[in-house]
>>> print(open('upload_4.cif').read())   # mmCIF, C-alpha atoms and all ligand atoms
data_entry
#
loop_
_atom_site.label_atom_id
_atom_site.label_comp_id
_atom_site.auth_asym_id
_atom_site.auth_seq_id
_atom_site.Cartn_x
_atom_site.Cartn_y
_atom_site.Cartn_z
CA MET M 1 -35.12 30.03 -8.76
CA ARG M 2 -33.57 27.01 -7.03
CA ARG M 3 -32.59 25.45 -10.37
CA ALA M 4 -31.05 28.74 -11.56
CA LEU M 5 -29.11 28.95 -8.32
CA VAL M 6 -27.83 25.39 -8.64
CA CYS M 7 -26.79 26.03 -12.26
CA PHE M 8 -24.98 29.22 -11.30
CA PHE M 9 -22.86 27.34 -8.77
CA LEU M 10 -22.28 24.35 -11.00
CA ALA M 11 -21.06 26.66 -13.76
CA ALA M 12 -18.75 28.43 -11.31
CA ALA M 13 -17.40 25.08 -10.13
CA THR M 14 -16.83 23.92 -13.73
CA VAL M 15 -14.75 27.01 -14.48
CA LEU M 16 -12.56 26.13 -11.52
CA ALA M 17 -12.31 22.46 -12.45
CA GLN M 18 -9.59 23.31 -14.98
CA GLY M 19 -7.20 22.42 -12.28
CA ASN M 20 -4.28 22.86 -10.05
CA PRO M 21 -1.69 20.06 -10.08
CA ASP M 22 -1.84 19.78 -6.27
CA TRP M 23 -5.50 18.82 -6.48
CA HIS M 24 -4.73 15.29 -7.62
CA ALA M 25 -1.23 14.88 -6.15
CA GLU M 26 -0.75 12.29 -3.42
CA PHE M 27 0.12 13.51 0.05
CA PRO M 28 1.20 11.34 3.01
CA ALA M 29 -1.64 10.47 5.36
CA PHE M 30 -1.02 11.54 8.94
CA LYS M 31 -2.52 12.16 12.35
CA ILE M 32 -3.31 15.84 12.97
CA ALA M 33 -4.23 15.40 16.65
CA GLY M 34 -6.22 12.94 18.78
CA ASN M 35 -8.63 11.02 16.55
CA LEU M 36 -8.42 13.52 13.65
CA TYR M 37 -6.42 12.51 10.57
CA TYR M 38 -5.54 13.97 7.15
CA VAL M 39 -6.31 11.61 4.23
CA GLY M 40 -6.66 14.09 1.34
CA THR M 41 -4.51 15.02 -1.65
CA ALA M 42 -1.85 17.76 -1.59
CA ASP M 43 -4.53 20.46 -1.84
CA LEU M 44 -7.99 18.89 -1.59
CA ALA M 45 -8.35 18.23 2.10
CA VAL M 46 -10.14 15.14 3.38
CA TYR M 47 -10.39 14.55 7.13
CA LEU M 48 -11.00 11.24 8.88
CA ILE M 49 -12.39 11.13 12.40
CA ASN M 50 -11.81 7.71 13.91
CA THR M 51 -14.24 6.34 16.52
CA PRO M 52 -14.91 2.91 18.06
CA GLN M 53 -18.12 2.83 15.98
CA GLY M 54 -16.49 3.57 12.64
CA ASN M 55 -15.18 6.61 10.84
CA ILE M 56 -16.44 9.96 9.62
CA LEU M 57 -15.02 11.47 6.43
CA ILE M 58 -15.21 15.18 5.65
CA ASN M 59 -15.03 15.66 1.86
CA SER M 60 -14.61 13.11 -0.92
CA ASP M 61 -12.70 15.20 -3.48
CA PHE M 62 -13.18 14.42 -7.20
CA LYS M 63 -14.03 10.83 -8.13
CA GLN M 64 -10.55 10.42 -9.62
CA ASP M 65 -9.00 11.16 -6.20
CA LEU M 66 -10.78 8.29 -4.41
CA PRO M 67 -7.93 5.76 -4.92
CA VAL M 68 -5.54 8.19 -3.16
CA ILE M 69 -7.99 8.68 -0.29
CA LYS M 70 -8.58 4.93 0.11
CA LYS M 71 -4.83 4.29 0.12
CA SER M 72 -4.35 6.98 2.78
CA ILE M 73 -7.07 5.48 4.98
CA GLU M 74 -5.56 1.99 4.74
CA GLN M 75 -2.01 3.30 5.33
CA LEU M 76 -3.16 4.67 8.67
CA GLY M 77 -4.42 1.19 9.55
CA PHE M 78 -8.11 2.03 9.18
CA LYS M 79 -10.66 0.36 6.92
CA TYR M 80 -12.35 2.28 4.13
CA SER M 81 -15.34 -0.05 4.65
CA ASP M 82 -15.68 1.37 8.21
CA THR M 83 -16.77 4.75 6.79
CA LYS M 84 -20.15 5.41 8.43
CA ILE M 85 -20.77 9.09 7.71
CA VAL M 86 -19.69 11.39 4.85
CA LEU M 87 -19.81 15.18 5.27
CA ILE M 88 -18.78 17.98 2.90
CA SER M 89 -17.36 21.47 3.11
CA HIS M 90 -19.67 22.59 0.31
CA ALA M 91 -21.31 21.24 -2.84
CA HIS M 92 -18.54 21.80 -5.39
CA GLY M 93 -16.97 18.90 -7.28
CA ASP M 94 -13.50 19.33 -5.79
CA HIS M 95 -14.96 18.44 -2.37
CA ASP M 96 -18.02 16.30 -3.11
CA GLU M 97 -17.83 14.57 -6.49
CA GLY M 98 -16.91 11.22 -4.93
CA THR M 99 -19.61 11.17 -2.22
CA GLY M 100 -21.99 8.96 -4.23
CA VAL M 101 -19.27 6.36 -4.83
CA ILE M 102 -18.29 6.34 -1.13
CA LYS M 103 -21.94 5.84 -0.18
CA GLN M 104 -22.30 3.01 -2.67
CA GLU M 105 -19.09 1.26 -1.63
CA THR M 106 -19.37 1.63 2.16
CA GLY M 107 -23.04 2.25 2.94
CA ALA M 108 -22.07 5.51 4.67
CA LYS M 109 -24.74 8.13 5.30
CA LEU M 110 -24.34 11.49 3.55
CA MET M 111 -25.26 14.55 5.64
CA VAL M 112 -25.39 17.98 4.01
CA MET M 113 -26.36 21.53 5.03
CA ASP M 114 -29.92 22.38 3.90
CA ALA M 115 -29.03 25.11 1.38
CA ASP M 116 -26.50 22.86 -0.44
CA VAL M 117 -28.75 19.79 -0.66
CA ALA M 118 -30.21 20.69 -4.09
CA ALA M 119 -26.73 21.15 -5.59
CA GLU M 120 -25.44 17.99 -3.90
CA GLN M 121 -28.24 15.90 -5.40
CA SER M 122 -28.23 17.59 -8.81
CA THR M 123 -27.13 15.69 -11.89
CA ALA M 124 -26.98 18.85 -14.05
CA SER M 125 -23.74 19.88 -15.80
CA GLY M 126 -22.35 16.33 -15.70
CA ARG M 127 -22.39 16.08 -11.93
CA PRO M 128 -22.94 12.58 -10.57
CA GLY M 129 -25.28 13.78 -7.81
CA ALA M 130 -25.62 11.91 -4.54
CA GLN M 131 -28.70 11.29 -2.43
CA VAL M 132 -28.55 13.10 0.90
CA ASP M 133 -29.55 10.92 3.87
CA ARG M 134 -29.78 13.67 6.47
CA VAL M 135 -30.41 17.37 5.91
CA LEU M 136 -28.46 19.51 8.36
CA HIS M 137 -29.38 22.94 9.66
CA ASP M 138 -27.07 25.60 11.07
CA GLY M 139 -25.70 24.40 14.41
CA ALA M 140 -26.59 20.74 13.82
CA THR M 141 -24.42 18.13 15.50
CA VAL M 142 -23.17 14.93 13.94
CA GLU M 143 -22.25 12.27 16.48
CA LEU M 144 -20.62 8.87 16.19
CA GLY M 145 -18.80 6.74 18.75
CA GLY M 146 -18.14 9.63 21.13
CA ALA M 147 -17.06 12.10 18.41
CA ARG M 148 -19.18 15.20 18.06
CA LEU M 149 -18.97 17.62 15.15
CA VAL M 150 -20.88 20.88 14.78
CA ALA M 151 -22.02 22.20 11.38
CA HIS M 152 -21.75 26.00 11.17
CA LEU M 153 -23.42 27.67 8.21
CA THR M 154 -20.80 30.01 6.68
CA PRO M 155 -22.58 30.88 3.42
CA GLY M 156 -21.57 32.95 0.40
CA HIS M 157 -19.14 30.69 -1.47
CA THR M 158 -22.18 28.41 -1.75
CA PRO M 159 -25.52 28.98 0.02
CA GLY M 160 -24.92 25.99 2.30
CA CYS M 161 -21.15 26.29 2.73
CA THR M 162 -20.31 24.60 6.02
CA THR M 163 -17.51 25.12 8.53
CA TRP M 164 -17.05 22.08 10.75
CA THR M 165 -15.81 22.29 14.31
CA MET M 166 -14.96 19.62 16.86
CA GLN M 167 -13.08 19.30 20.12
CA VAL M 168 -10.17 16.93 19.78
CA GLN M 169 -8.84 15.19 22.87
CA ASP M 170 -5.08 15.06 22.26
CA GLY M 171 -3.39 13.38 25.20
CA THR M 172 -4.26 15.51 28.20
CA ARG M 173 -5.26 18.59 26.19
CA LYS M 174 -8.47 19.53 24.40
CA LEU M 175 -8.04 21.32 21.07
CA ASN M 176 -10.70 23.22 19.13
CA ALA M 177 -10.50 22.23 15.47
CA VAL M 178 -12.03 24.50 12.82
CA ILE M 179 -12.35 23.23 9.24
CA ILE M 180 -13.23 26.27 7.12
CA GLY M 181 -15.79 25.60 4.36
CA SER M 182 -14.48 28.35 2.04
CA PRO M 183 -14.10 32.10 2.54
CA ASN M 184 -13.28 32.75 -1.11
CA VAL M 185 -14.99 34.83 -3.80
CA ASN M 186 -14.20 32.82 -6.92
CA PRO M 187 -13.53 34.28 -10.38
CA GLY M 188 -16.87 34.95 -12.05
CA TYR M 189 -18.76 35.49 -8.79
CA ILE M 190 -21.22 38.39 -8.86
CA LEU M 191 -21.73 40.07 -5.48
CA VAL M 192 -24.01 42.94 -6.53
CA GLY M 193 -27.31 42.37 -8.35
CA ASN M 194 -26.85 38.60 -8.52
CA LYS M 195 -30.26 37.40 -9.72
CA ASN M 196 -29.54 33.77 -8.87
CA TYR M 197 -28.27 34.52 -5.36
CA PRO M 198 -29.50 38.00 -4.34
CA ARG M 199 -28.23 37.79 -0.75
CA ILE M 200 -24.74 36.50 -1.66
CA ALA M 201 -22.76 39.46 -0.29
CA GLU M 202 -24.77 39.62 2.94
CA ASP M 203 -24.21 35.86 3.28
CA TYR M 204 -20.43 36.25 2.96
CA ALA M 205 -20.55 38.96 5.63
CA LYS M 206 -22.56 36.64 7.89
CA GLY M 207 -20.09 33.81 7.23
CA PHE M 208 -17.11 35.95 8.22
CA ALA M 209 -18.86 36.98 11.44
CA VAL M 210 -19.31 33.29 12.27
CA LEU M 211 -15.67 32.43 11.44
CA LYS M 212 -14.48 35.27 13.67
CA SER M 213 -16.61 33.96 16.56
CA LEU M 214 -15.23 30.40 16.55
CA PRO M 215 -12.56 29.42 19.08
CA CYS M 216 -9.73 27.85 17.08
CA ASP M 217 -6.59 25.93 18.02
CA LEU M 218 -6.30 23.59 15.01
CA PHE M 219 -6.64 25.75 11.88
CA LEU M 220 -7.86 23.57 8.96
CA GLY M 221 -9.98 23.97 5.82
CA ALA M 222 -11.40 22.52 2.62
CA HIS M 223 -8.23 23.35 0.66
CA SER M 224 -4.91 22.77 2.35
CA ALA M 225 -3.61 26.03 0.86
CA TYR M 226 -5.86 27.89 3.34
CA PHE M 227 -3.73 26.78 6.28
CA GLY M 228 -0.37 25.98 4.69
CA LEU M 229 -0.43 22.18 4.92
CA LYS M 230 2.98 21.56 3.38
CA ALA M 231 4.97 23.87 5.69
CA LYS M 232 3.10 22.64 8.78
CA TYR M 233 3.58 19.02 7.78
CA GLU M 234 7.34 19.59 7.42
CA LYS M 235 7.38 21.25 10.84
CA MET M 236 5.56 18.24 12.29
CA LYS M 237 8.05 15.84 10.67
CA THR M 238 10.91 17.62 12.40
CA GLY M 239 9.33 16.92 15.78
CA SER M 240 6.87 19.75 16.46
CA LYS M 241 3.78 18.52 18.30
CA ASP M 242 2.06 21.85 17.73
CA ALA M 243 2.58 22.29 13.99
CA PHE M 244 -1.16 22.52 13.33
CA VAL M 245 -1.98 24.53 16.45
CA ASP M 246 -2.21 27.99 14.92
CA PRO M 247 -4.85 30.28 16.47
CA ASP M 248 -3.05 33.42 15.27
CA GLY M 249 -2.71 32.06 11.73
CA TYR M 250 -6.46 31.35 11.75
CA LYS M 251 -7.35 34.87 12.88
CA ALA M 252 -5.00 36.45 10.35
CA TYR M 253 -6.30 34.29 7.50
CA VAL M 254 -9.97 35.03 8.25
CA ALA M 255 -9.24 38.77 8.61
CA GLU M 256 -7.33 38.86 5.31
CA ARG M 257 -10.06 36.93 3.43
CA ASP M 258 -12.77 39.18 4.94
CA ASP M 259 -10.83 42.24 3.82
CA THR M 260 -10.39 40.83 0.30
CA PHE M 261 -14.13 40.06 0.12
CA ARG M 262 -15.08 43.57 1.29
CA LYS M 263 -12.75 45.23 -1.24
CA GLU M 264 -14.26 43.14 -4.03
CA TRP M 265 -17.78 43.96 -2.82
CA GLU M 266 -16.93 47.70 -2.86
CA ARG M 267 -15.35 47.37 -6.30
CA GLN M 268 -18.48 45.69 -7.68
CA LYS M 269 -20.75 48.30 -6.10
CA HIS M 270 -18.89 50.91 -8.14
CA ASN M 271 -18.79 48.76 -11.28
CA PRO M 272 -22.32 47.42 -11.72
CA GLY M 273 -22.51 44.22 -13.72
CA SER M 274 -18.88 43.25 -13.14
CA ALA M 275 -17.74 39.92 -11.73
CA ALA M 276 -14.79 38.87 -9.60
CA GLN M 277 -11.56 38.25 -11.51
ZN ZN A 301 -15.79 25.72 -3.88
#
>>> encode(input="upload_4.cif", output="structure tokens", more="lines below")
Ligand SMILES: [Zn+2]
Amino acid sequence: MRRALVCFFLAAATVLAQGNPDWHAEFPAFKIAGNLYYVGTADLAVYLINTPQGNILINSDFKQDLPVIKKSIEQLGFKYSDTKIVLISHAHGDHDEGTGVIKQETGAKLMVMDADVAAEQSTASGRPGAQVDRVLHDGATVELGGARLVAHLTPGHTPGCTTWTMQVQDGTRKLNAVIIGSPNVNPGYILVGNKNYPRIAEDYAKGFAVLKSLPCDLFLGAHSAYFGLKAKYEKMKTGSKDAFVDPDGYKAYVAERDDTFRKEWERQKHNPGSAAQ
């Protein structure tokens, strides 16, 4: 059952791996707020949390994107070799393919939500696989040098899909950052009668309930398209200190994705055996 489940998700990820030019396009590294930085590509988000005891990275992107990420880290004046912990949004190649290389090169510890550990470590379907050092459970905290992140299980997109939250001290204000794992029903996903993941639709519903419950000031996610990175970055460049503070945008995005999921779930209930387009 577990192997079938892993294969189902790896196949789904492979279908998606055909690409989007923004996935591998460079994007300027920048400070989002406080000790939270953006070091990803134009669409595949990677976050760096800087602490006096080293850095945390959320997501590695594909292996081919690692040179861009390393360059971004160094451009901000940090050291790639100071990476102590690697986290992921979920176990799909666009967010985790490089984790094994980062571990090897920096000695960082990889921490992954329980239900995504099998996929993370799998070497099926050409995946490199990476050994998980700490298995996380819903609500687990990851702490380093005064930074504290919370892992929220928001399942459906993968069984262990994780939304990360942290409080960022930005000058005199405290901002709640939410990094959405993924709210999306990908093409090919089966929500009704899915033998490999029978509870998938109920999991999505659970995930949306969690997303709706999270206090959010800084709206972020695994893909920068979720939160409109380019437009917000331009706004920031023209002097806005609050470009990424977008609680209303967060609420609207989650509500729209929830609605899209529910419509697709209804559609599949009335069309047994069909998959998402
Ligand atoms: Zn994914």
>>> atom_distance(input="upload_4.cif", atom1="CA of Gly156 in chain M", atom2="CA of Asp114 in chain M")
13.9 Å
>>> residues_near_ligand(input="upload_4.cif", ligand="ligand ZN 301 (chain A)", cutoff="7 Å", atoms="all atoms listed in the file", output="list of chain:residue names")
M:Ala13, M:His90, M:His92, M:His157, M:Ser182
>>> atom_distance(input="upload_4.cif", atom1="CA of Leu211 in chain M", atom2="CA of Lys195 in chain M")
26.2 Å
>>> atom_distance(input="upload_4.cif", atom1="CA of Gly239 in chain M", atom2="CA of Gly77 in chain M")
21.8 Å
>>> residues_around(input="upload_4.cif", residues="Pro21 in chain M", least_positions_apart="5", cutoff="12 Å", atoms="all atoms listed in the file", output="PyMOL selection string")
chain M and resi 26+41-44
>>> write_last_selection(input="upload_4.cif", atoms="C-alpha atoms", output="mmCIF file, in the frame of the given file")
data_model
loop_
_atom_site.group_PDB
_atom_site.id
_atom_site.type_symbol
_atom_site.label_atom_id
_atom_site.label_comp_id
_atom_site.auth_asym_id
_atom_site.auth_seq_id
_atom_site.Cartn_x
_atom_site.Cartn_y
_atom_site.Cartn_z
ATOM 1 C CA GLU M 26 -0.750 12.290 -3.420
ATOM 2 C CA THR M 41 -4.510 15.020 -1.650
ATOM 3 C CA ALA M 42 -1.850 17.760 -1.590
ATOM 4 C CA ASP M 43 -4.530 20.460 -1.840
ATOM 5 C CA LEU M 44 -7.990 18.890 -1.590
#
>>> closest_atom_pairs(input="upload_4.cif", of="range 220-269 of chain M", to="range 164-177 of chain M", cutoff="9 Å", atoms="all atoms listed in the file", output="Markdown table")
| residue | atom | partner | partner_atom | distance |
| --- | --- | --- | --- | --- |
| M:Leu220 | CA | M:Ala177 | CA | 7.2 |
| M:Gly221 | CA | M:Trp164 | CA | 8.8 |
| M:Val245 | CA | M:Leu175 | CA | 8.3 |
>>> closest_residue(input="upload_4.cif", among="M:Gln277, M:Thr158, M:Ser240, M:Thr51", to="Ile32 in chain M", atoms="only C-alpha atoms")
M:Ser240
>>> closest_residue(input="upload_4.cif", among="M:Ile73, M:Leu218, M:Val135, M:Ile190", to="Tyr38 in chain M", atoms="all atoms listed in the file")
M:Ile73
>>> build_atoms(input="upload_4.cif", residues="range 31-42 of chain M", atoms="all heavy atoms", output="short mmCIF file (atom, residue, chain, number, x, y, z; two decimals), keeping the file's coordinate frame")
data_model
loop_
_atom_site.label_atom_id
_atom_site.label_comp_id
_atom_site.auth_asym_id
_atom_site.auth_seq_id
_atom_site.Cartn_x
_atom_site.Cartn_y
_atom_site.Cartn_z
N LYS M 31 -1.66 11.77 11.24
CA LYS M 31 -2.52 12.16 12.35
C LYS M 31 -2.32 13.64 12.62
O LYS M 31 -1.19 14.10 12.81
CB LYS M 31 -2.10 11.34 13.58
CG LYS M 31 -2.84 11.68 14.84
CD LYS M 31 -2.30 10.76 15.94
CE LYS M 31 -2.92 11.08 17.27
NZ LYS M 31 -2.73 9.96 18.19
N ILE M 32 -3.40 14.41 12.64
CA ILE M 32 -3.31 15.84 12.97
C ILE M 32 -3.24 15.99 14.49
O ILE M 32 -2.33 16.62 15.02
CB ILE M 32 -4.51 16.63 12.39
CG1 ILE M 32 -4.54 16.52 10.85
CG2 ILE M 32 -4.47 18.09 12.83
CD1 ILE M 32 -5.84 16.99 10.21
N ALA M 33 -4.19 15.39 15.18
CA ALA M 33 -4.23 15.40 16.65
C ALA M 33 -5.35 14.47 17.09
O ALA M 33 -6.38 14.37 16.40
CB ALA M 33 -4.50 16.80 17.19
N GLY M 34 -5.17 13.80 18.24
CA GLY M 34 -6.22 12.94 18.78
C GLY M 34 -6.72 11.95 17.75
O GLY M 34 -5.94 11.21 17.16
N ASN M 35 -8.04 11.97 17.51
CA ASN M 35 -8.63 11.02 16.55
C ASN M 35 -8.89 11.66 15.17
O ASN M 35 -9.69 11.16 14.40
CB ASN M 35 -9.94 10.45 17.11
CG ASN M 35 -10.99 11.54 17.36
OD1 ASN M 35 -10.67 12.74 17.42
ND2 ASN M 35 -12.23 11.14 17.51
N LEU M 36 -8.22 12.78 14.91
CA LEU M 36 -8.42 13.52 13.65
C LEU M 36 -7.21 13.33 12.73
O LEU M 36 -6.08 13.60 13.12
CB LEU M 36 -8.62 15.01 13.99
CG LEU M 36 -8.76 16.01 12.84
CD1 LEU M 36 -9.98 15.69 11.98
CD2 LEU M 36 -8.87 17.44 13.39
N TYR M 37 -7.47 12.87 11.52
CA TYR M 37 -6.42 12.51 10.57
C TYR M 37 -6.62 13.22 9.23
O TYR M 37 -7.74 13.55 8.85
CB TYR M 37 -6.43 11.00 10.32
CG TYR M 37 -6.13 10.19 11.55
CD1 TYR M 37 -7.14 9.92 12.49
CD2 TYR M 37 -4.85 9.71 11.80
CE1 TYR M 37 -6.87 9.19 13.64
CE2 TYR M 37 -4.57 8.97 12.94
CZ TYR M 37 -5.59 8.71 13.86
OH TYR M 37 -5.31 8.00 14.99
N TYR M 38 -5.50 13.41 8.50
CA TYR M 38 -5.54 13.97 7.15
C TYR M 38 -5.40 12.84 6.14
O TYR M 38 -4.40 12.11 6.17
CB TYR M 38 -4.41 14.99 6.95
CG TYR M 38 -4.54 15.76 5.66
CD1 TYR M 38 -5.27 16.94 5.61
CD2 TYR M 38 -3.96 15.29 4.48
CE1 TYR M 38 -5.43 17.65 4.42
CE2 TYR M 38 -4.11 15.98 3.28
CZ TYR M 38 -4.85 17.16 3.26
OH TYR M 38 -5.00 17.86 2.09
N VAL M 39 -6.37 12.68 5.24
CA VAL M 39 -6.31 11.61 4.23
C VAL M 39 -6.58 12.16 2.82
O VAL M 39 -6.97 11.41 1.93
CB VAL M 39 -7.27 10.44 4.56
CG1 VAL M 39 -6.85 9.73 5.85
CG2 VAL M 39 -8.73 10.90 4.66
N GLY M 40 -6.37 13.47 2.63
CA GLY M 40 -6.66 14.09 1.34
C GLY M 40 -5.46 14.11 0.41
O GLY M 40 -4.42 13.49 0.68
N THR M 41 -5.61 14.83 -0.71
CA THR M 41 -4.51 15.02 -1.65
C THR M 41 -3.67 16.22 -1.17
O THR M 41 -3.91 16.76 -0.08
CB THR M 41 -5.04 15.31 -3.07
OG1 THR M 41 -5.68 16.60 -3.07
CG2 THR M 41 -6.03 14.24 -3.52
N ALA M 42 -2.71 16.66 -2.00
CA ALA M 42 -1.85 17.76 -1.59
C ALA M 42 -2.62 19.07 -1.40
O ALA M 42 -2.19 19.93 -0.63
CB ALA M 42 -0.72 17.95 -2.60
#
